[in-house]
$ cat input27.txt   # compact mmCIF, C-alpha atoms
# COMPACT_ATOMS: atom_id res chain seq x y z
CA MET A 1 -9.03 13.10 -3.08
CA SER A 2 -12.76 13.29 -2.30
CA SER A 3 -12.85 12.37 1.40
CA TRP A 4 -13.97 14.88 3.99
CA SER A 5 -13.60 15.35 7.72
CA THR A 6 -16.12 16.85 10.07
CA THR A 7 -15.12 19.60 12.49
CA GLY A 8 -18.17 20.75 14.41
CA SER A 9 -20.76 21.55 11.77
CA HIS A 10 -18.23 22.29 9.02
CA LEU A 11 -17.11 20.04 6.20
CA ILE A 12 -13.38 20.40 5.63
CA PRO A 13 -12.02 19.19 2.26
CA PHE A 14 -8.84 17.15 2.16
CA PRO A 15 -6.15 18.61 -0.12
CA VAL A 16 -6.05 17.72 -3.82
CA PRO A 17 -3.18 18.11 -6.32
CA GLY A 18 -2.56 21.80 -6.89
CA THR A 19 -3.74 22.91 -3.45
CA THR A 20 -1.49 25.49 -1.80
CA LEU A 21 -1.01 25.20 1.96
CA THR A 22 0.59 27.94 4.02
CA SER A 23 3.01 27.56 6.93
CA THR A 24 5.05 30.18 8.77
CA ARG A 25 8.00 28.85 6.76
CA GLY A 26 6.37 29.32 3.38
CA ASN A 27 3.95 27.73 0.94
CA TYR A 28 3.54 24.07 0.06
CA THR A 29 2.03 22.98 -3.26
CA VAL A 30 0.37 19.58 -2.93
CA GLY A 31 1.07 16.94 -5.55
CA ALA A 32 -0.09 13.35 -6.04
CA LEU A 33 -1.19 11.08 -3.21
CA ILE A 34 1.65 8.60 -2.62
CA GLY A 35 0.46 6.82 0.52
CA ASP A 36 -2.82 6.36 2.32
CA GLY A 37 -3.34 4.50 5.58
CA GLN A 38 -5.49 4.25 8.66
CA TYR A 39 -3.75 7.12 10.42
CA GLY A 40 -2.71 9.48 7.66
CA SER A 41 -2.29 10.33 4.00
CA VAL A 42 1.02 11.26 2.37
CA TYR A 43 1.37 13.51 -0.67
CA GLU A 44 4.14 14.56 -2.96
CA CYS A 45 4.79 18.21 -2.29
CA VAL A 46 6.96 21.14 -3.35
CA GLY A 47 7.72 23.50 -0.49
CA PRO A 48 9.77 26.62 0.21
CA PHE A 49 12.77 27.13 -2.09
CA ASP A 50 11.18 24.62 -4.53
CA GLN A 51 12.34 21.77 -2.31
CA PRO A 52 10.50 18.43 -2.70
CA TYR A 53 8.96 17.01 0.46
CA ALA A 54 6.63 14.26 1.57
CA LEU A 55 3.65 15.94 3.20
CA LYS A 56 1.78 13.84 5.76
CA MET A 57 -1.75 14.81 6.74
CA LEU A 58 -3.12 13.20 9.87
CA ARG A 59 -6.38 11.47 9.06
CA PRO A 60 -9.20 12.75 11.34
CA ALA A 61 -11.21 9.48 11.06
CA ASN A 62 -14.16 11.07 12.89
CA LYS A 63 -12.01 11.85 15.91
CA PRO A 64 -12.48 15.15 17.76
CA TYR A 65 -10.32 18.06 16.67
CA GLN A 66 -8.40 18.15 19.96
CA VAL A 67 -7.58 14.42 19.81
CA VAL A 68 -6.14 14.76 16.30
CA LYS A 69 -4.17 17.83 17.39
CA GLU A 70 -2.66 15.92 20.31
CA GLU A 71 -1.69 12.99 18.03
CA TRP A 72 -0.08 15.44 15.60
CA SER A 73 1.80 17.14 18.41
CA ARG A 74 3.10 13.82 19.81
CA GLU A 75 4.34 12.60 16.43
CA MET A 76 5.95 15.97 15.73
CA GLN A 77 7.76 15.92 19.07
CA ARG A 78 8.96 12.35 18.56
CA LEU A 79 10.34 13.08 15.10
CA GLU A 80 12.01 16.27 16.30
CA SER A 81 13.66 14.43 19.20
CA PHE A 82 14.94 11.53 17.05
CA ARG A 83 18.16 12.40 15.23
CA HIS A 84 19.27 9.19 13.62
CA PRO A 85 20.39 8.57 10.01
CA ASN A 86 17.68 5.93 9.56
CA ILE A 87 14.70 7.91 10.87
CA VAL A 88 12.89 10.22 8.49
CA TYR A 89 13.70 13.88 9.07
CA ILE A 90 10.94 16.38 9.89
CA HIS A 91 11.30 19.86 8.36
CA ASP A 92 8.05 21.53 9.33
CA ALA A 93 4.75 21.01 11.14
CA PHE A 94 1.69 23.20 10.74
CA GLU A 95 -2.09 23.42 10.86
CA ASN A 96 -4.10 24.58 7.85
CA ASN A 97 -7.89 24.83 7.73
CA PHE A 98 -8.35 22.57 10.79
CA LEU A 99 -6.11 19.84 9.35
CA PHE A 100 -2.64 18.96 10.65
CA TYR A 101 0.44 18.38 8.51
CA LEU A 102 4.04 17.18 8.85
CA SER A 103 6.57 18.13 6.19
CA LEU A 104 9.05 15.25 5.91
CA GLU A 105 12.10 14.49 3.83
CA ARG A 106 11.19 12.94 0.49
CA CYS A 107 12.53 9.44 -0.18
CA ASP A 108 12.59 7.59 -3.49
CA THR A 109 10.30 4.68 -2.67
CA SER A 110 8.92 2.51 0.09
CA LEU A 111 9.93 -1.07 0.77
CA ARG A 112 6.43 -2.12 -0.30
CA GLY A 113 7.40 -1.45 -3.91
CA LEU A 114 10.30 -3.91 -3.69
CA LEU A 115 8.32 -6.88 -2.37
CA GLY A 116 6.74 -9.70 -4.37
CA ARG A 117 9.91 -11.60 -5.22
CA PRO A 118 12.93 -12.78 -3.22
CA MET A 119 15.24 -9.86 -2.60
CA PRO A 120 18.89 -10.05 -3.73
CA ASP A 121 21.08 -11.19 -0.88
CA ALA A 122 23.21 -8.06 -0.57
CA LEU A 123 20.19 -5.76 -0.59
CA PHE A 124 18.39 -7.94 1.98
CA VAL A 125 21.31 -7.82 4.39
CA GLU A 126 21.80 -4.07 4.04
CA ILE A 127 18.13 -3.22 4.61
CA ALA A 128 17.96 -5.64 7.55
CA ARG A 129 21.13 -4.14 9.05
CA GLN A 130 19.80 -0.59 8.89
CA LEU A 131 16.40 -1.56 10.30
CA LEU A 132 17.99 -3.44 13.20
CA MET A 133 20.25 -0.46 13.91
CA THR A 134 17.19 1.82 13.95
CA LEU A 135 15.26 -0.44 16.32
CA ALA A 136 18.26 -0.63 18.63
CA TYR A 137 18.32 3.19 18.78
CA LEU A 138 14.58 3.40 19.52
CA HIS A 139 14.61 0.65 22.12
CA ASP A 140 17.68 2.14 23.83
CA ASN A 141 15.59 5.29 24.20
CA GLY A 142 12.57 3.41 25.54
CA VAL A 143 10.46 3.77 22.39
CA VAL A 144 8.41 0.96 20.82
CA HIS A 145 7.41 1.69 17.21
CA SER A 146 4.48 -0.77 17.05
CA ASP A 147 3.74 -0.27 13.35
CA LEU A 148 6.65 -1.77 11.45
CA HIS A 149 5.51 -2.72 7.95
CA ALA A 150 6.77 -2.22 4.40
CA GLY A 151 4.84 1.02 3.85
CA ASN A 152 6.64 2.63 6.80
CA VAL A 153 10.12 1.70 5.56
CA LEU A 154 11.33 4.27 3.03
CA ILE A 155 14.38 3.82 0.81
CA SER A 156 16.56 6.16 -1.23
CA GLN A 157 19.52 5.45 -3.52
CA ILE A 158 18.28 1.94 -4.21
CA ASP A 159 20.47 1.79 -7.34
CA ARG A 160 23.62 2.67 -5.38
CA GLN A 161 24.06 2.40 -1.63
CA PRO A 162 20.53 2.12 -0.18
CA ILE A 163 19.56 4.42 2.66
CA VAL A 164 16.69 3.17 4.82
CA LYS A 165 14.40 5.59 6.68
CA LEU A 166 11.81 4.49 9.23
CA THR A 167 8.73 6.68 9.39
CA ASP A 168 5.24 6.96 10.93
CA PHE A 169 5.52 7.24 14.68
CA GLY A 170 1.82 7.94 15.15
CA VAL A 171 1.25 4.88 17.33
CA ALA A 172 4.75 4.64 18.81
CA HIS A 173 4.92 4.56 22.60
CA GLN A 174 7.42 5.93 25.09
CA LEU A 175 7.99 3.43 27.89
CA GLU A 176 8.35 5.05 31.29
CA GLY A 177 10.75 4.07 34.06
CA SER A 178 11.19 0.33 34.46
CA THR A 179 8.02 -0.50 32.50
CA ARG A 180 8.81 -2.77 29.56
CA TRP A 181 5.34 -3.17 28.04
CA PHE A 182 2.19 -1.21 27.24
CA ARG A 183 -1.36 -1.78 25.99
CA PRO A 184 -1.88 -0.06 22.62
CA GLN A 185 -5.27 1.44 21.82
CA VAL A 186 -5.02 0.60 18.11
CA ALA A 187 -3.18 -2.07 16.11
CA ASN A 188 -2.65 -2.90 12.46
CA PRO A 189 -4.41 -6.26 11.88
CA LYS A 190 -1.88 -7.23 9.19
CA ILE A 191 1.08 -7.18 11.58
CA LEU A 192 -0.41 -8.44 14.84
CA THR A 193 1.98 -10.02 17.33
CA PRO A 194 1.30 -13.08 19.54
CA GLU A 195 1.44 -11.20 22.84
CA LEU A 196 -0.97 -8.56 21.55
CA VAL A 197 -3.47 -11.21 20.44
CA THR A 198 -3.28 -13.35 23.57
CA ALA A 199 -2.62 -10.80 26.34
CA GLY A 200 -3.16 -7.35 24.84
CA TYR A 201 0.33 -5.97 25.47
CA THR A 202 3.25 -4.84 23.31
CA THR A 203 7.00 -4.78 23.99
CA ALA A 204 10.24 -4.05 22.19
CA GLN A 205 10.21 -7.76 21.22
CA SER A 206 6.93 -7.04 19.41
CA ASP A 207 8.86 -4.73 17.08
CA LEU A 208 11.26 -7.61 16.45
CA TYR A 209 8.35 -9.93 15.61
CA GLN A 210 7.00 -7.39 13.12
CA LEU A 211 10.50 -7.13 11.67
CA GLY A 212 10.54 -10.92 11.33
CA LEU A 213 7.32 -10.78 9.29
CA LEU A 214 8.91 -8.17 7.06
CA LEU A 215 12.21 -10.02 6.64
CA TYR A 216 10.37 -13.23 5.76
CA GLN A 217 8.61 -11.48 2.89
CA MET A 218 11.86 -9.84 1.75
CA HIS A 219 13.66 -13.20 1.79
CA SER A 220 10.99 -15.43 0.28
CA GLY A 221 8.92 -13.06 -1.82
CA GLN A 222 5.75 -14.20 -0.03
CA PRO A 223 3.99 -13.08 3.17
CA ALA A 224 4.49 -15.17 6.30
CA MET A 225 0.73 -15.57 6.76
CA ASP A 226 -2.54 -14.89 5.00
CA VAL A 227 -3.96 -11.61 6.30
CA SER A 228 -6.80 -11.30 3.79
CA GLY A 229 -9.32 -13.08 6.01
CA PRO A 230 -11.11 -12.10 9.22
CA TYR A 231 -9.34 -11.32 12.49
CA GLU A 232 -10.13 -14.78 13.87
CA GLU A 233 -8.23 -16.45 11.02
CA ILE A 234 -5.22 -14.19 11.46
CA ALA A 235 -5.23 -14.87 15.21
CA ARG A 236 -5.41 -18.64 14.55
CA GLN A 237 -2.31 -18.52 12.33
CA ILE A 238 -0.44 -16.59 15.00
CA ALA A 239 -1.55 -19.03 17.74
CA ASP A 240 -0.48 -21.99 15.57
CA GLY A 241 2.95 -20.47 15.01
CA THR A 242 2.46 -20.46 11.23
CA PRO A 243 4.97 -17.63 10.51
CA ARG A 244 7.77 -19.36 12.41
CA GLN A 245 6.97 -22.73 10.83
CA LYS A 246 7.04 -21.22 7.35
CA ALA A 247 10.38 -19.58 8.08
CA GLU A 248 11.88 -22.85 9.31
CA ALA A 249 10.58 -24.61 6.20
CA LEU A 250 12.64 -22.33 3.97
CA GLY A 251 15.74 -24.18 5.14
CA THR A 252 18.17 -21.31 4.54
CA PRO A 253 20.67 -19.97 7.09
CA VAL A 254 19.02 -16.56 7.19
CA ALA A 255 15.62 -18.20 7.72
CA THR A 256 16.93 -19.49 11.04
CA VAL A 257 17.35 -15.90 12.21
CA ILE A 258 13.91 -14.97 10.87
CA ALA A 259 12.33 -17.95 12.63
CA LYS A 260 13.77 -16.83 15.97
CA LEU A 261 12.33 -13.35 15.42
CA LEU A 262 8.96 -15.05 14.88
CA ARG A 263 8.84 -17.15 18.04
CA ARG A 264 5.39 -16.99 19.66
CA ARG A 265 6.68 -16.22 23.15
CA ASP A 266 8.47 -12.89 23.27
CA ALA A 267 10.86 -14.25 25.93
CA HIS A 268 12.11 -16.82 23.37
CA ARG A 269 12.79 -14.27 20.65
CA TYR A 270 15.92 -12.23 20.34
CA GLN A 271 16.00 -9.92 23.33
CA SER A 272 17.50 -7.08 21.33
CA ALA A 273 18.11 -5.95 17.78
CA ARG A 274 21.84 -6.29 18.45
CA GLU A 275 21.46 -10.00 19.19
CA ALA A 276 19.64 -10.51 15.90
CA TRP A 277 22.34 -8.66 13.97
CA ASP A 278 25.10 -10.62 15.71
CA ASP A 279 23.59 -13.81 14.28
CA LEU A 280 22.74 -12.38 10.88
CA ARG A 281 26.19 -10.91 10.26
CA GLN A 282 27.86 -14.28 10.88
CA ILE A 283 25.99 -15.94 8.02
CA PRO A 284 28.14 -16.16 4.87
CA ARG A 285 26.78 -13.85 2.21
CA PHE A 286 24.34 -16.43 1.06
$ encode --input "input27.txt" --output "structure tokens"
Amino acid sequence: MSSWSTTGSHLIPFPVPGTTLTSTRGNYTVGALIGDGQYGSVYECVGPFDQPYALKMLRPANKPYQVVKEEWSREMQRLESFRHPNIVYIHDAFENNFLFYLSLERCDTSLRGLLGRPMPDALFVEIARQLLMTLAYLHDNGVVHSDLHAGNVLISQIDRQPIVKLTDFGVAHQLEGSTRWFRPQVANPKILTPELVTAGYTTAQSDLYQLGLLLYQMHSGQPAMDVSGPYEEIARQIADGTPRQKAEALGTPVATVIAKLLRRRDAHRYQSAREAWDDLRQIPRF
């Protein structure tokens, strides 16, 4: 990988396959790049005891060293505090040559690799069930993920009993006290929610809207809206209620659940992941 970050007057190279990184727990040999986003890059990696890991490097993106360090520390603390079967497990966290890394459990694939065609019914229901269970756990603990998309949903044992793991808590937010919303500093333009576009805030129901976008694509094989254009066009589709209308047009029982997840007003969506599962589980295995 040929990108570089700037720390003071020094140019710091990003790792490339074959690079050895050192932690207090041992050495990590970097493999191929398997994911690259706005906030970080993820590499295949072999760590101590020849164990395979997914190694996430936080992307500096021209941010000051201390800001990146604080982001790394927050994500590390969140992952260490979350012990749930559907949240990716963190094994190590370390700094190497002014770059910050998280050593995470290695999963077989991401949900992104399974999209592009309607998903088999049984697989759809099982992935939806595990994601709803994960969101219920986060929301019960006052955490809003805010970045729920196919690249952040990891899956293992896809050929047997799939195990879903939610990852990337870099922009997640801990709600405090009785506060039920917050104003995020950054947002993924491909998974914008109506309340973020119109009022600039995010809630637990925003996670459910993002889940609705994901479930629509899993169910139909197509995205719920065109996100290839400028921000104004994406915002217009959201304001027009295009995702909900497209879900209703599918005419399937499960699409009714998806359409409710995609309601423009967060107060009219499901108020919890449990409510959504209660409806979804009652649908005959379509």
$ closest_atom_pairs --input "input27.txt" --of "stretch 19-51 of chain A" --to "stretch 157-174 of chain A" --cutoff "12 Å" --atoms "only C-alpha atoms" --output "CSV"
residue,atom,partner,partner_atom,distance
A:Gly35,CA,A:Asp168,CA,11.5
A:Asp36,CA,A:Asp168,CA,11.8
A:Gly37,CA,A:Asp168,CA,10.4
A:Gln38,CA,A:Gly170,CA,10.4
A:Tyr39,CA,A:Gly170,CA,7.4
A:Gly40,CA,A:Gly170,CA,8.9
A:Ser41,CA,A:Asp168,CA,10.8
A:Val42,CA,A:Asp168,CA,10.5
$ atom_distance --input "input27.txt" --atom1 "atom CA of A:Phe49" --atom2 "atom CA of A:Asn96"
19.7 Å
$ residues_around --input "input27.txt" --residues "A:Leu131" --least-positions-apart "2" --cutoff "8 Å" --atoms "all atoms listed in the file" --output "PyMOL selection string"
chain A and resi 86+127-129+133-135+164+166
$ closest_residue --input "input27.txt" --among "A:Asp147, A:Glu44, A:Glu71, A:Asp266" --to "A:Ala187" --atoms "all atoms listed in the file"
A:Asp147
$ atom_distance --input "input27.txt" --atom1 "atom CA of A:Leu115" --atom2 "atom CA of A:Ile258"
16.5 Å
$ atom_distance --input "input27.txt" --atom1 "atom CA of A:Thr202" --atom2 "atom CA of A:Gly221"
27.0 Å
$ build_atoms --input "input27.txt" --residues "stretch 195-213 of chain A" --atoms "N, CA and C atoms" --output "compact mmCIF listing (two decimals), in the coordinates of the input"
# COMPACT_ATOMS: atom_id res chain seq x y z
N GLU A 195 1.76 -11.72 21.51
CA GLU A 195 1.44 -11.20 22.84
C GLU A 195 0.30 -10.18 22.81
N LEU A 196 0.14 -9.49 21.68
CA LEU A 196 -0.97 -8.56 21.55
C LEU A 196 -2.29 -9.32 21.41
N VAL A 197 -2.26 -10.41 20.65
CA VAL A 197 -3.47 -11.21 20.44
C VAL A 197 -3.89 -11.93 21.72
N THR A 198 -2.93 -12.50 22.43
CA THR A 198 -3.28 -13.35 23.57
C THR A 198 -3.42 -12.58 24.88
N ALA A 199 -2.64 -11.50 25.05
CA ALA A 199 -2.62 -10.80 26.34
C ALA A 199 -2.83 -9.29 26.23
N GLY A 200 -2.86 -8.76 25.03
CA GLY A 200 -3.16 -7.35 24.84
C GLY A 200 -2.03 -6.40 25.14
N TYR A 201 -0.78 -6.88 25.18
CA TYR A 201 0.33 -5.97 25.47
C TYR A 201 1.36 -6.01 24.34
N THR A 202 2.22 -5.00 24.32
CA THR A 202 3.25 -4.84 23.31
C THR A 202 4.57 -4.50 23.98
N THR A 203 5.66 -5.04 23.45
CA THR A 203 7.00 -4.78 23.99
C THR A 203 7.96 -4.48 22.84
N ALA A 204 9.22 -4.22 23.21
CA ALA A 204 10.24 -4.05 22.19
C ALA A 204 10.38 -5.33 21.35
N GLN A 205 10.16 -6.50 21.98
CA GLN A 205 10.21 -7.76 21.22
C GLN A 205 9.07 -7.84 20.20
N SER A 206 8.00 -7.09 20.40
CA SER A 206 6.93 -7.04 19.41
C SER A 206 7.42 -6.38 18.12
N ASP A 207 8.24 -5.33 18.26
CA ASP A 207 8.86 -4.73 17.08
C ASP A 207 9.70 -5.75 16.34
N LEU A 208 10.42 -6.60 17.09
CA LEU A 208 11.26 -7.61 16.45
C LEU A 208 10.42 -8.66 15.74
N TYR A 209 9.25 -9.00 16.29
CA TYR A 209 8.35 -9.93 15.61
C TYR A 209 7.86 -9.32 14.30
N GLN A 210 7.44 -8.05 14.35
CA GLN A 210 7.00 -7.39 13.12
C GLN A 210 8.14 -7.31 12.10
N LEU A 211 9.36 -7.11 12.57
CA LEU A 211 10.50 -7.13 11.67
C LEU A 211 10.67 -8.52 11.06
N GLY A 212 10.44 -9.57 11.86
CA GLY A 212 10.54 -10.92 11.33
C GLY A 212 9.54 -11.16 10.21
N LEU A 213 8.31 -10.67 10.35
CA LEU A 213 7.32 -10.78 9.29
C LEU A 213 7.81 -10.10 8.02
